[in-house]
Structures are given as structure tokens and as C-alpha cells.
$ cat work35.cif   # mmCIF, C-alpha atoms
data_target
#
loop_
_atom_site.label_atom_id
_atom_site.label_comp_id
_atom_site.auth_asym_id
_atom_site.auth_seq_id
_atom_site.Cartn_x
_atom_site.Cartn_y
_atom_site.Cartn_z
CA MET A 1 -37.41 58.70 -146.15
CA THR A 2 -34.92 57.95 -143.37
CA PHE A 3 -33.40 54.60 -142.54
CA ASP A 4 -34.22 53.10 -139.15
CA MET A 5 -32.27 50.07 -138.00
CA PRO A 6 -34.66 47.45 -136.58
CA LYS A 7 -34.20 46.90 -132.86
CA PHE A 8 -33.79 43.40 -131.48
CA THR A 9 -36.27 42.35 -128.80
CA PRO A 10 -35.05 39.26 -126.88
CA PRO A 11 -37.43 36.67 -125.43
CA ASP A 12 -38.76 37.17 -121.92
CA PHE A 13 -36.69 34.58 -120.10
CA SER A 14 -38.50 35.26 -116.83
CA GLN A 15 -41.41 33.20 -118.14
CA GLU A 16 -41.95 29.97 -116.24
CA PHE A 17 -41.33 27.87 -119.33
CA PHE A 18 -37.81 29.24 -119.78
CA VAL A 19 -37.02 29.17 -116.06
CA ASN A 20 -38.00 25.50 -115.78
CA ALA A 21 -36.34 24.40 -119.02
CA PRO A 22 -33.32 22.10 -118.56
CA ASN A 23 -29.77 23.06 -119.34
CA ALA A 24 -28.56 22.07 -122.79
CA THR A 25 -26.87 18.68 -122.84
CA LEU A 26 -23.15 18.84 -123.65
CA VAL A 27 -21.09 15.92 -124.96
CA GLU A 28 -17.32 16.07 -125.49
CA VAL A 29 -15.77 15.41 -128.89
CA GLU A 30 -13.70 12.21 -128.84
CA LYS A 31 -12.15 12.48 -132.31
CA ASP A 32 -11.16 15.60 -134.26
CA GLY A 33 -13.73 16.47 -136.90
CA VAL A 34 -16.37 14.03 -135.63
CA ALA A 35 -19.47 15.35 -133.82
CA PRO A 36 -21.15 13.37 -131.02
CA ALA A 37 -24.30 11.43 -131.86
CA ASN A 38 -27.51 13.48 -131.83
CA TYR A 39 -25.54 16.73 -132.31
CA HIS A 40 -27.58 19.90 -132.77
CA ALA A 41 -27.09 21.41 -136.24
CA LEU A 42 -27.71 25.13 -136.52
CA SER A 43 -29.49 27.34 -139.05
CA VAL A 44 -29.16 31.03 -140.00
CA PHE A 45 -31.76 32.03 -137.38
CA PRO A 46 -31.12 33.20 -133.79
CA GLU A 47 -30.75 30.35 -131.31
CA TYR A 48 -30.36 30.40 -127.54
CA PHE A 49 -28.73 27.70 -125.40
CA LYS A 50 -29.27 27.29 -121.67
CA ILE A 51 -25.96 26.84 -119.87
CA ASN A 52 -25.71 26.77 -116.07
CA GLY A 53 -29.20 28.25 -115.89
CA LYS A 54 -28.38 31.13 -118.30
CA TRP A 55 -29.81 31.51 -121.80
CA VAL A 56 -26.92 32.39 -124.13
CA LEU A 57 -27.45 33.71 -127.67
CA ALA A 58 -25.32 32.19 -130.41
CA THR A 59 -24.12 35.02 -132.61
CA GLN A 60 -22.98 34.20 -136.14
CA SER A 61 -25.31 31.19 -136.29
CA ARG A 62 -25.10 29.66 -139.75
CA MET A 63 -26.07 26.59 -141.73
CA ASP A 64 -24.31 23.24 -141.34
CA THR A 65 -22.50 24.01 -138.09
CA VAL A 66 -22.57 22.82 -134.48
CA CYS A 67 -22.57 24.67 -131.18
CA VAL A 68 -19.53 24.32 -128.92
CA ALA A 69 -20.27 25.54 -125.40
CA ASN A 70 -18.11 26.92 -122.62
CA ASP A 71 -19.79 25.96 -119.33
CA GLU A 72 -17.21 27.46 -117.01
CA PRO A 73 -19.28 29.19 -114.28
CA GLY A 74 -19.35 32.93 -114.84
CA ASN A 75 -17.97 32.62 -118.39
CA GLU A 76 -20.82 30.85 -120.15
CA SER A 77 -20.60 31.29 -123.91
CA VAL A 78 -21.08 29.43 -127.18
CA ASN A 79 -19.01 29.22 -130.34
CA ILE A 80 -20.34 28.17 -133.73
CA VAL A 81 -18.00 25.68 -135.40
CA GLU A 82 -17.90 23.80 -138.71
CA PHE A 83 -17.87 20.03 -138.24
CA ARG A 84 -14.39 19.73 -139.72
CA ASN A 85 -13.03 22.18 -137.13
CA LEU A 86 -14.19 20.23 -134.07
CA LYS A 87 -11.38 19.29 -131.67
CA VAL A 88 -11.10 16.59 -129.03
CA GLY A 89 -12.51 17.92 -125.78
CA ASP A 90 -14.90 20.43 -127.36
CA LYS A 91 -18.28 20.34 -125.59
CA VAL A 92 -20.94 20.07 -128.28
CA VAL A 93 -24.62 20.76 -127.67
CA VAL A 94 -26.74 17.70 -128.47
CA GLY A 95 -30.50 17.59 -129.03
CA ARG A 96 -32.77 17.89 -132.04
CA THR A 97 -35.61 20.03 -130.70
CA GLU A 98 -35.62 23.85 -130.80
CA ASP A 99 -38.58 24.64 -128.55
CA GLY A 100 -36.61 24.96 -125.30
CA SER A 101 -37.46 21.49 -124.03
CA GLU A 102 -33.82 20.41 -124.40
CA GLY A 103 -32.27 23.74 -123.45
CA ILE A 104 -32.22 24.85 -127.12
CA TYR A 105 -34.50 27.63 -128.33
CA MET A 106 -34.78 28.99 -131.88
CA TYR A 107 -36.12 32.54 -131.84
CA THR A 108 -37.30 34.10 -135.10
CA GLN A 109 -39.38 37.00 -133.73
CA GLY A 110 -36.63 39.36 -132.57
CA PHE A 111 -36.92 41.86 -135.42
CA ILE A 112 -40.61 41.45 -136.28
CA GLU A 113 -42.80 44.51 -135.86
CA GLU A 114 -46.50 43.80 -136.21
CA SER A 115 -48.40 46.21 -138.44
CA LYS A 116 -51.99 46.94 -137.53
CA ASP A 117 -52.71 47.64 -141.19
CA ALA A 118 -51.06 44.48 -142.53
CA ASP A 119 -53.02 42.85 -145.35
CA THR A 120 -54.12 39.28 -144.90
CA PHE A 121 -54.03 38.80 -148.67
CA ALA A 122 -52.09 40.44 -151.48
CA PHE A 123 -51.44 39.74 -155.12
CA ARG A 124 -47.91 38.92 -156.31
CA SER A 125 -46.40 38.76 -152.85
CA GLY A 126 -43.75 36.33 -154.09
CA ARG A 127 -40.64 37.05 -156.15
CA SER A 128 -40.76 36.77 -159.94
CA ARG A 129 -40.08 38.75 -163.11
CA GLU A 130 -43.54 40.34 -162.62
CA THR A 131 -42.61 41.78 -159.22
CA ALA A 132 -42.12 45.53 -158.93
CA PHE A 133 -38.72 46.00 -157.29
CA SER A 134 -38.64 49.81 -156.95
CA ILE A 135 -39.15 49.68 -153.19
CA ASP A 136 -36.38 47.08 -152.89
CA TYR A 137 -33.98 49.33 -154.78
CA ASP A 138 -34.84 52.33 -152.60
CA ARG A 139 -34.41 50.23 -149.46
CA LEU A 140 -31.04 48.93 -150.63
CA TYR A 141 -29.82 52.45 -151.42
CA GLN A 142 -30.69 53.42 -147.83
CA ILE A 143 -29.03 50.37 -146.35
CA LEU A 144 -25.78 50.84 -148.30
CA ALA A 145 -25.64 54.55 -147.46
CA ASN A 146 -26.26 53.74 -143.78
CA GLU A 147 -23.55 51.07 -143.76
CA LYS A 148 -21.01 53.45 -145.27
CA GLU A 149 -21.90 56.26 -142.89
CA ASN A 150 -21.90 54.11 -139.75
CA GLY A 151 -18.95 51.82 -140.34
CA GLY A 152 -20.80 48.76 -141.60
CA TYR A 153 -19.13 46.02 -143.63
CA ILE A 154 -20.49 45.44 -147.14
CA THR A 155 -19.54 42.26 -148.97
CA TRP A 156 -20.39 41.71 -152.64
CA VAL A 157 -20.62 38.26 -154.24
CA LEU A 158 -20.19 38.86 -157.96
CA GLY A 159 -20.61 36.70 -161.04
CA THR A 160 -18.91 37.00 -164.41
CA ALA A 161 -21.81 38.90 -166.00
CA VAL A 162 -20.86 42.01 -164.03
CA SER A 163 -17.35 42.15 -165.51
CA LEU A 164 -18.45 41.37 -169.08
CA ASP A 165 -20.23 44.70 -169.53
CA ARG A 166 -18.32 47.98 -169.63
CA GLY A 167 -21.12 49.91 -167.97
CA SER A 168 -21.45 47.56 -165.01
CA ARG A 169 -17.64 47.33 -164.72
CA ASP A 170 -17.40 51.11 -164.49
CA ALA A 171 -20.28 51.31 -162.01
CA MET A 172 -18.82 48.60 -159.77
CA ALA A 173 -15.40 50.23 -159.84
CA GLN A 174 -16.98 53.51 -158.74
CA LEU A 175 -18.81 51.76 -155.92
CA VAL A 176 -15.43 50.43 -154.75
CA ARG A 177 -13.80 53.85 -154.96
CA ASN A 178 -16.68 55.53 -153.15
CA GLY A 179 -16.56 53.23 -150.14
CA TYR A 180 -19.55 50.95 -150.77
CA VAL A 181 -17.47 47.78 -151.04
CA ASP A 182 -15.48 46.23 -148.18
CA ALA A 183 -14.86 42.82 -149.75
CA ILE A 184 -15.62 40.91 -152.96
CA ILE A 185 -16.17 37.16 -153.26
CA CYS A 186 -15.96 35.78 -156.79
CA GLY A 187 -14.56 33.15 -159.12
CA THR A 188 -11.51 33.31 -161.37
CA SER A 189 -13.42 34.39 -164.48
CA PHE A 190 -14.95 37.47 -162.84
CA ALA A 191 -11.53 38.86 -161.97
CA ALA A 192 -9.78 37.68 -165.14
CA PHE A 193 -12.36 39.09 -167.55
CA ASP A 194 -12.25 42.42 -165.74
CA LEU A 195 -8.45 42.48 -166.06
CA GLU A 196 -8.64 41.45 -169.73
CA CYS A 197 -10.88 44.39 -170.52
CA ALA A 198 -8.67 46.70 -168.44
CA THR A 199 -5.53 45.53 -170.26
CA PHE A 200 -6.58 44.73 -173.82
CA GLY A 201 -9.88 46.56 -174.13
CA THR A 202 -11.58 43.29 -175.08
CA THR A 203 -14.09 40.84 -173.61
CA TRP A 204 -13.84 37.22 -174.77
CA GLY A 205 -11.28 38.65 -177.18
CA GLN A 206 -13.92 40.96 -178.67
CA GLU A 207 -13.70 44.72 -179.06
CA THR A 208 -16.86 44.54 -181.11
CA PHE A 209 -19.17 41.58 -181.42
CA ILE A 210 -17.79 40.02 -184.59
CA LYS A 211 -17.18 36.33 -185.09
CA GLU A 212 -13.48 36.59 -185.91
CA GLN A 213 -12.66 38.14 -182.54
CA ASN A 214 -14.45 35.55 -180.41
CA THR A 215 -11.42 34.04 -178.70
CA LEU A 216 -10.01 33.31 -175.26
CA ASP A 217 -6.49 34.32 -176.28
CA ASN A 218 -6.52 37.64 -174.41
CA TYR A 219 -8.23 36.05 -171.39
CA TYR A 220 -5.47 33.49 -170.93
CA GLU A 221 -2.79 35.99 -171.81
CA THR A 222 -4.08 38.23 -169.04
CA ILE A 223 -3.93 35.43 -166.46
CA ASN A 224 -0.46 34.54 -167.73
CA MET A 225 0.76 38.12 -167.24
CA VAL A 226 -0.71 38.31 -163.72
CA ARG A 227 1.00 35.06 -162.80
CA GLU A 228 4.25 36.38 -164.20
CA ALA A 229 3.85 39.54 -162.09
CA GLY A 230 3.22 37.37 -159.04
CA SER A 231 -0.12 38.86 -157.94
CA MET A 232 -2.95 41.09 -159.07
CA GLU A 233 -1.52 43.86 -156.90
CA GLU A 234 1.84 43.76 -158.65
CA PHE A 235 0.13 43.52 -162.04
CA VAL A 236 -1.93 46.64 -161.29
CA LYS A 237 1.21 48.44 -160.11
CA SER A 238 2.85 47.63 -163.45
CA GLY A 239 0.43 50.05 -165.10
CA ARG A 240 -0.91 47.60 -167.66
CA PRO A 241 -4.54 47.58 -166.45
CA LYS A 242 -6.02 50.98 -167.27
CA ASP A 243 -9.30 50.79 -165.36
CA GLY A 244 -11.80 48.35 -163.91
CA ILE A 245 -12.88 46.67 -160.70
CA MET A 246 -9.67 44.84 -159.77
CA LYS A 247 -7.61 47.99 -160.26
CA ALA A 248 -10.00 49.88 -157.98
CA CYS A 249 -9.85 47.11 -155.37
CA VAL A 250 -6.06 47.07 -155.32
CA GLU A 251 -5.78 50.84 -155.13
CA CYS A 252 -8.46 51.09 -152.40
CA GLY A 253 -7.28 48.11 -150.37
CA VAL A 254 -10.47 46.09 -150.88
CA PRO A 255 -9.83 42.32 -150.50
CA VAL A 256 -10.94 40.00 -153.30
CA ILE A 257 -11.55 36.36 -152.33
CA ILE A 258 -11.36 34.11 -155.40
CA GLY A 259 -12.63 30.58 -154.95
CA GLY A 260 -11.53 27.99 -157.47
CA THR A 261 -13.87 25.43 -159.02
CA ILE A 262 -13.43 22.04 -160.66
CA ARG A 263 -13.90 23.86 -163.99
CA ASP A 264 -11.02 26.30 -163.53
CA ARG A 265 -8.56 25.81 -166.37
CA PHE A 266 -6.02 28.46 -165.41
CA GLY A 267 -6.11 30.31 -162.11
CA LEU A 268 -4.91 33.68 -160.95
CA PRO A 269 -2.23 33.63 -158.22
CA GLU A 270 -4.85 34.58 -155.60
CA THR A 271 -7.26 31.77 -156.51
CA TYR A 272 -7.90 29.34 -153.65
CA ASP A 273 -7.54 25.82 -155.06
CA ASN A 274 -8.45 24.14 -151.76
CA VAL A 275 -12.18 24.33 -151.01
CA TYR A 276 -11.70 24.45 -147.23
CA GLU A 277 -9.20 27.28 -147.55
CA ALA A 278 -11.66 29.12 -149.78
CA GLN A 279 -14.44 28.63 -147.21
CA ASP A 280 -12.21 29.91 -144.41
CA ALA A 281 -11.26 32.98 -146.45
CA MET A 282 -14.91 33.71 -147.26
CA ARG A 283 -16.00 33.26 -143.63
CA LYS A 284 -13.29 35.63 -142.44
CA HIS A 285 -15.20 38.41 -144.15
CA ILE A 286 -18.75 37.08 -143.69
CA ARG A 287 -18.24 37.13 -139.92
CA LYS A 288 -17.75 40.91 -140.19
CA THR A 289 -20.43 41.49 -142.83
CA SER A 290 -23.49 43.57 -142.01
CA THR A 291 -24.83 43.63 -145.60
CA VAL A 292 -24.11 41.17 -148.39
CA VAL A 293 -25.22 41.66 -152.01
CA MET A 294 -25.03 38.51 -154.16
CA VAL A 295 -25.23 39.14 -157.90
CA SER A 296 -25.35 36.62 -160.75
CA ALA A 297 -23.23 33.94 -159.10
CA ILE A 298 -25.56 31.11 -158.11
CA LEU A 299 -23.01 28.68 -156.60
CA PHE A 300 -21.15 31.36 -154.66
CA THR A 301 -24.50 32.87 -153.67
CA ILE A 302 -25.75 29.61 -152.14
CA ALA A 303 -22.42 29.05 -150.37
CA THR A 304 -22.30 32.61 -149.01
CA GLY A 305 -25.97 32.68 -148.09
CA ASN A 306 -25.65 29.50 -146.05
CA MET A 307 -22.67 30.82 -144.11
CA THR A 308 -24.28 34.21 -143.44
CA PRO A 309 -26.36 34.54 -140.25
CA SER A 310 -29.66 36.40 -140.38
CA TYR A 311 -28.36 38.56 -137.52
CA ASN A 312 -25.09 39.37 -135.78
CA GLU A 313 -23.67 41.42 -132.95
CA PHE A 314 -21.83 44.62 -133.84
CA ASP A 315 -20.39 46.83 -131.10
CA GLY A 316 -22.58 45.07 -128.55
CA VAL A 317 -25.80 45.55 -130.54
CA ILE A 318 -27.77 42.69 -132.10
CA ARG A 319 -28.96 43.74 -135.57
CA PRO A 320 -30.09 42.12 -138.83
CA VAL A 321 -27.57 41.13 -141.48
CA TYR A 322 -29.08 42.32 -144.75
CA MET A 323 -28.91 39.94 -147.69
CA TYR A 324 -29.82 40.61 -151.31
CA THR A 325 -29.70 38.06 -154.10
CA VAL A 326 -29.94 39.27 -157.69
CA ASP A 327 -30.23 37.32 -160.93
CA ILE A 328 -32.17 37.42 -164.18
CA GLN A 329 -33.47 33.90 -163.54
CA GLU A 330 -36.19 33.27 -160.97
CA PHE A 331 -34.69 29.82 -160.43
CA ALA A 332 -31.39 31.31 -159.30
CA VAL A 333 -32.79 33.67 -156.69
CA ASN A 334 -35.28 31.11 -155.38
CA LYS A 335 -32.61 28.42 -155.08
CA LEU A 336 -31.10 30.17 -152.07
CA SER A 337 -34.31 29.88 -150.06
CA ASP A 338 -34.57 26.23 -151.09
CA ARG A 339 -31.17 25.69 -149.48
CA GLY A 340 -32.14 27.17 -146.12
CA THR A 341 -31.61 30.93 -146.39
CA LEU A 342 -35.02 32.50 -145.91
CA THR A 343 -34.02 36.05 -145.01
CA ALA A 344 -32.59 37.25 -148.34
CA THR A 345 -34.43 39.83 -150.44
CA SER A 346 -34.53 38.61 -154.04
CA VAL A 347 -34.49 40.85 -157.10
CA VAL A 348 -35.17 39.29 -160.52
CA THR A 349 -33.51 41.51 -163.10
CA ASN A 350 -30.63 41.89 -165.52
CA THR A 351 -27.67 42.04 -163.16
CA GLN A 352 -25.66 44.43 -165.30
CA ASP A 353 -28.53 46.91 -165.18
CA PHE A 354 -28.83 46.32 -161.43
CA ILE A 355 -25.20 47.32 -160.80
CA LYS A 356 -25.56 50.39 -163.03
CA ASN A 357 -28.68 51.46 -161.13
CA ILE A 358 -26.87 51.11 -157.80
CA GLY A 359 -23.92 53.04 -159.18
CA ARG A 360 -26.09 55.90 -160.47
CA ALA A 361 -27.97 56.16 -157.17
CA LEU A 362 -24.94 56.17 -154.88
CA THR A 363 -22.01 57.57 -156.84
#

$ encode --input "work35.cif" --output "C-alpha cells"
Amino acid sequence: MTFDMPKFTPPDFSQEFFVNAPNATLVEVEKDGVAPANYHALSVFPEYFKINGKWVLATQSRMDTVCVANDEPGNESVNIVEFRNLKVGDKVVVGRTEDGSEGIYMYTQGFIEESKDADTFAFRSGRSRETAFSIDYDRLYQILANEKENGGYITWVLGTAVSLDRGSRDAMAQLVRNGYVDAIICGTSFAAFDLECATFGTTWGQETFIKEQNTLDNYYETINMVREAGSMEEFVKSGRPKDGIMKACVECGVPVIIGGTIRDRFGLPETYDNVYEAQDAMRKHIRKTSTVVMVSAILFTIATGNMTPSYNEFDGVIRPVYMYTVDIQEFAVNKLSDRGTLTATSVVTNTQDFIKNIGRALT
């Protein structure tokens, strides 16, 4: 089965409704970081804004942002900006409707292809532990292979569970080395536990699961050694880590974005302690991302999902941004849709097995 990238079909703006719709109302920012009253907040779905009689598509539309417009004749464009990044003089689109009546139009039909044989009713059409995910796996294999072959950008959001199992560690490292990973977003523990295993051969201090070895000594010692080396890159170059995901990332030039949390007790040198700096670092890669796979990291998953548009423009072509969220808990994968991301494909499974399946299929 071959992979066919869905083609984007824009609205027909020659329709009378669009022609007669007013231009979007623009109001200038009067204080840095403060949006005008009645600002228009965006979602992850495609939205058009009418400026000087032209309907302009906002690429990289994402949750909890506002639209800053350039209404210079001949150079009409829009930029999607976080509230905190608004500057005095920015022209923000105001209006709360999305039906075109205020020059704002949300368009969710661009990639929909109607099937004549579509069922009007089906059992187990939702996502739960009873769902059969074989088709989702096959589809993801195709997507990842297509991204690698055609220069896509694949970002992985990974939780600690992936680095606590030797099999999933090995599989993830091979995915890095085989070109299926362009960036990783994670927390301190994911990276530190991987480096502990790579350095000491232990996880939570355990070589085998016996009570006497259950300790964080090696975990903290690993972080201590990385801090002494100055960075994960220098630590890997020292030869102490023998294998693992971080070693593969350093040697393959794959960036790892580590966001700190209020629970972090001891951070790696690369850990972002400032939440805004962490957001900016994550968005730097999400803006380029064509597929994001979020595995067993519920807080990072929600954050990443909300900053990831359902579509983007790559080399002048509008295409979907594929999102997968994976966790053993139904609550975790469903939480993302509760927070406004409705385009992610959810897989309810053991995440360590998930990574090993992907590794076996692709590497």
C-alpha cells in the first residue's frame, strides 16, 4: 500500500458570501504583551483573514495565540503570535466569530475526502484499550518512511517510560541513527535515566529488580557527571556512556529540548528552567515539524499538541501535520482532545512495546 499525501482544497472565495464579507478589523497594541479588547484567539485549525479585500491563510495556527496582520497594500500577510510576544504597534485582528461575517473564517474541510461507502454507524469508533490499532501502526510506518524520504521533520515527545526499558531504549536509539528523528522534546528524567543506563548499566539503581538496588544514587551521580563535563555532548565525547538515546542524538546531531518542571530536583545543563524559554525552544522545532509522535508524556504532550497546527506550509504546499499520541491510559490520550487538539491519532498501548514495534518495522 502506497502513501498518498492528502491535497489541500481551499474555499471558493469567488462565492458572493466571501466577496461581500468585510475586511477583518485591526486594532493596534498599546502596551507590550497586552492584546486589544475583543481579540481573536486562534485554534489549531486553518483560519483565513480578509485583509484589503484578500483572504489570507494563517499558517502555523495554534492554540492560545492571536493574529497580527500586515495590511500594507500588496504585502498582505498574517503572523501568529503568543500574547506575551505582542509589541506596541502590532495590528491585532479582533472579532469573536469565525463564519466570515467579521472577516475571519475557520475552514476545517480542506483535507476531507468524502467516501461514498462511508458507514453511518460503526461499533467502537472511539479510542480505548478495546480498539484495534493495527491500521494506525501501518499508517504511521508509511508516514514516517515518507517523511524520511521526502525531507520531512519528525519530532518525538518522549516520557520517562521509554528510557526505563532496555528494549525501547535500543529501538529509539536505532530510530535516531536511521534518520527517523529530527528532534526530541522531553523532561530531565527521560534524558538522565537513559544516560544512567548507558553509564552504569542500571535503571533506578537496579541491574536486576531486587530491593537492595532500588536507589537514585546512580541517577544523581549521572547528572552530576554531566554537569561536571559541561554538557551532554561533552559527556558523550568522554566515552562514559556506552549506548542509548542521548548518545545517538549527540552523535547524529539531533537536538534534545529538555523542559524543566517544578518537580525537578537536579537538572542537566541543557534543562530549560524558564518556562517561556522552554516554550520558545519547543516552538522552534514545532514550526518545522511535519509529523509529531507524543509518547507517554502527558504534560509535554498537551503542551506540544496545543502549539502544533493541524496543517502547515512546506515548500509552498499546504499539507496536514500528522500527530500521534500514545499512552497506556485512555485518560492520557483523551486529555489532549479535551484541551483543544482534535486532529491527533490516539493509540492506547504499552509505550515501550509501541517504540519497539516502530523500531522493528523501520530499522

$ resolve_selection --input "work35.cif" --expression "the PyMOL selection byres ((chain A and resi 318-325) around 6)" --output "list in words"
Ser290, Thr291, Val292, Val293, Met294, Val295, Ser310, Tyr311, Asn312, Glu313, Val317, Val326, Val333, Ala344, Thr345 and Ser346 of chain A

$ residues_around --input "work35.cif" --residues "A:Phe133" --least-positions-apart "3" --cutoff "7 Å" --atoms "all atoms listed in the file" --output "ChimeraX atom specification"
/A:136-137,347

$ resolve_selection --input "work35.cif" --expression "the PyMOL selection byres ((chain A and resi 286) around 10)" --output "PyMOL selection string"
chain A and resi 60+153-155+183+185+280-285+287-292+304-305+307-309+321

$ atom_distance --input "work35.cif" --atom1 "atom CA of A:Ile358" --atom2 "atom CA of A:Leu175"
8.3 Å

$ residues_around --input "work35.cif" --residues "stretch 104-106 of chain A" --least-positions-apart "5" --cutoff "7 Å" --atoms "only C-alpha atoms" --output "PyMOL selection string"
chain A and resi 24+45-50+97-99

$ resolve_selection --input "work35.cif" --expression "the PyMOL selection byres ((chain A and resi 332) around 10)" --output "list in words"
Ser296, Ala297, Ile298, Leu299, Thr301, Ile302, Thr325, Val326, Asp327, Ile328, Gln329, Glu330, Phe331, Val333, Asn334, Lys335, Leu336, Ser337, Ser346 and Val348 of chain A

$ atom_distance --input "work35.cif" --atom1 "atom CA of A:Asp353" --atom2 "atom CA of A:Thr188"
22.1 Å

$ residues_around --input "work35.cif" --residues "A:Gly179" --least-positions-apart "3" --cutoff "9 Å" --atoms "only C-alpha atoms" --output "ChimeraX atom specification"
/A:148,174-176,182,252

$ build_atoms --input "work35.cif" --residues "stretch 229-247 of chain A" --atoms "N, CA, C and O atoms" --output "compact mmCIF listing (two decimals), in the coordinates of the input"
# COMPACT_ATOMS: atom_id res chain seq x y z
N ALA A 229 3.62 38.44 -163.02
CA ALA A 229 3.85 39.54 -162.09
C ALA A 229 3.87 39.06 -160.65
O ALA A 229 4.45 39.71 -159.78
N GLY A 230 3.21 37.94 -160.37
CA GLY A 230 3.22 37.37 -159.04
C GLY A 230 1.93 37.57 -158.26
O GLY A 230 1.63 36.81 -157.35
N SER A 231 1.15 38.58 -158.62
CA SER A 231 -0.12 38.86 -157.94
C SER A 231 -0.88 39.91 -158.72
O SER A 231 -0.31 40.62 -159.56
N MET A 232 -2.17 40.03 -158.43
CA MET A 232 -2.95 41.09 -159.07
C MET A 232 -2.44 42.46 -158.63
O MET A 232 -2.44 43.40 -159.43
N GLU A 233 -2.03 42.58 -157.38
CA GLU A 233 -1.52 43.86 -156.90
C GLU A 233 -0.31 44.31 -157.69
O GLU A 233 -0.22 45.46 -158.13
N GLU A 234 0.65 43.40 -157.89
CA GLU A 234 1.84 43.76 -158.65
C GLU A 234 1.51 44.03 -160.12
O GLU A 234 2.11 44.90 -160.75
N PHE A 235 0.54 43.30 -160.65
CA PHE A 235 0.13 43.52 -162.04
C PHE A 235 -0.49 44.91 -162.19
O PHE A 235 -0.20 45.63 -163.16
N VAL A 236 -1.34 45.30 -161.24
CA VAL A 236 -1.93 46.64 -161.29
C VAL A 236 -0.85 47.70 -161.17
O VAL A 236 -0.85 48.71 -161.89
N LYS A 237 0.12 47.48 -160.29
CA LYS A 237 1.21 48.44 -160.11
C LYS A 237 2.07 48.59 -161.35
O LYS A 237 2.72 49.62 -161.55
N SER A 238 2.06 47.56 -162.22
CA SER A 238 2.85 47.63 -163.45
C SER A 238 2.29 48.65 -164.44
O SER A 238 2.97 49.05 -165.38
N GLY A 239 1.05 49.06 -164.23
CA GLY A 239 0.43 50.05 -165.10
C GLY A 239 -0.29 49.48 -166.30
O GLY A 239 -0.87 50.24 -167.08
N ARG A 240 -0.26 48.17 -166.47
CA ARG A 240 -0.91 47.60 -167.66
C ARG A 240 -2.43 47.72 -167.61
O ARG A 240 -3.04 48.11 -168.60
N PRO A 241 -3.08 47.36 -166.50
CA PRO A 241 -4.54 47.58 -166.45
C PRO A 241 -4.85 49.08 -166.35
O PRO A 241 -4.28 49.78 -165.51
N LYS A 242 -5.73 49.55 -167.20
CA LYS A 242 -6.02 50.98 -167.27
C LYS A 242 -7.22 51.40 -166.42
O LYS A 242 -7.37 52.57 -166.08
N ASP A 243 -8.10 50.45 -166.12
CA ASP A 243 -9.30 50.79 -165.36
C ASP A 243 -9.87 49.52 -164.75
O ASP A 243 -9.19 48.49 -164.69
N GLY A 244 -11.12 49.57 -164.33
CA GLY A 244 -11.80 48.35 -163.91
C GLY A 244 -11.90 48.12 -162.42
O GLY A 244 -11.41 48.90 -161.59
N ILE A 245 -12.54 47.01 -162.09
CA ILE A 245 -12.88 46.67 -160.70
C ILE A 245 -11.66 46.23 -159.91
O ILE A 245 -11.44 46.65 -158.78
N MET A 246 -10.84 45.35 -160.50
CA MET A 246 -9.67 44.84 -159.77
C MET A 246 -8.67 45.96 -159.50
O MET A 246 -8.06 46.03 -158.42
N LYS A 247 -8.50 46.85 -160.46
CA LYS A 247 -7.61 47.99 -160.26
C LYS A 247 -8.11 48.85 -159.10
O LYS A 247 -7.33 49.26 -158.23
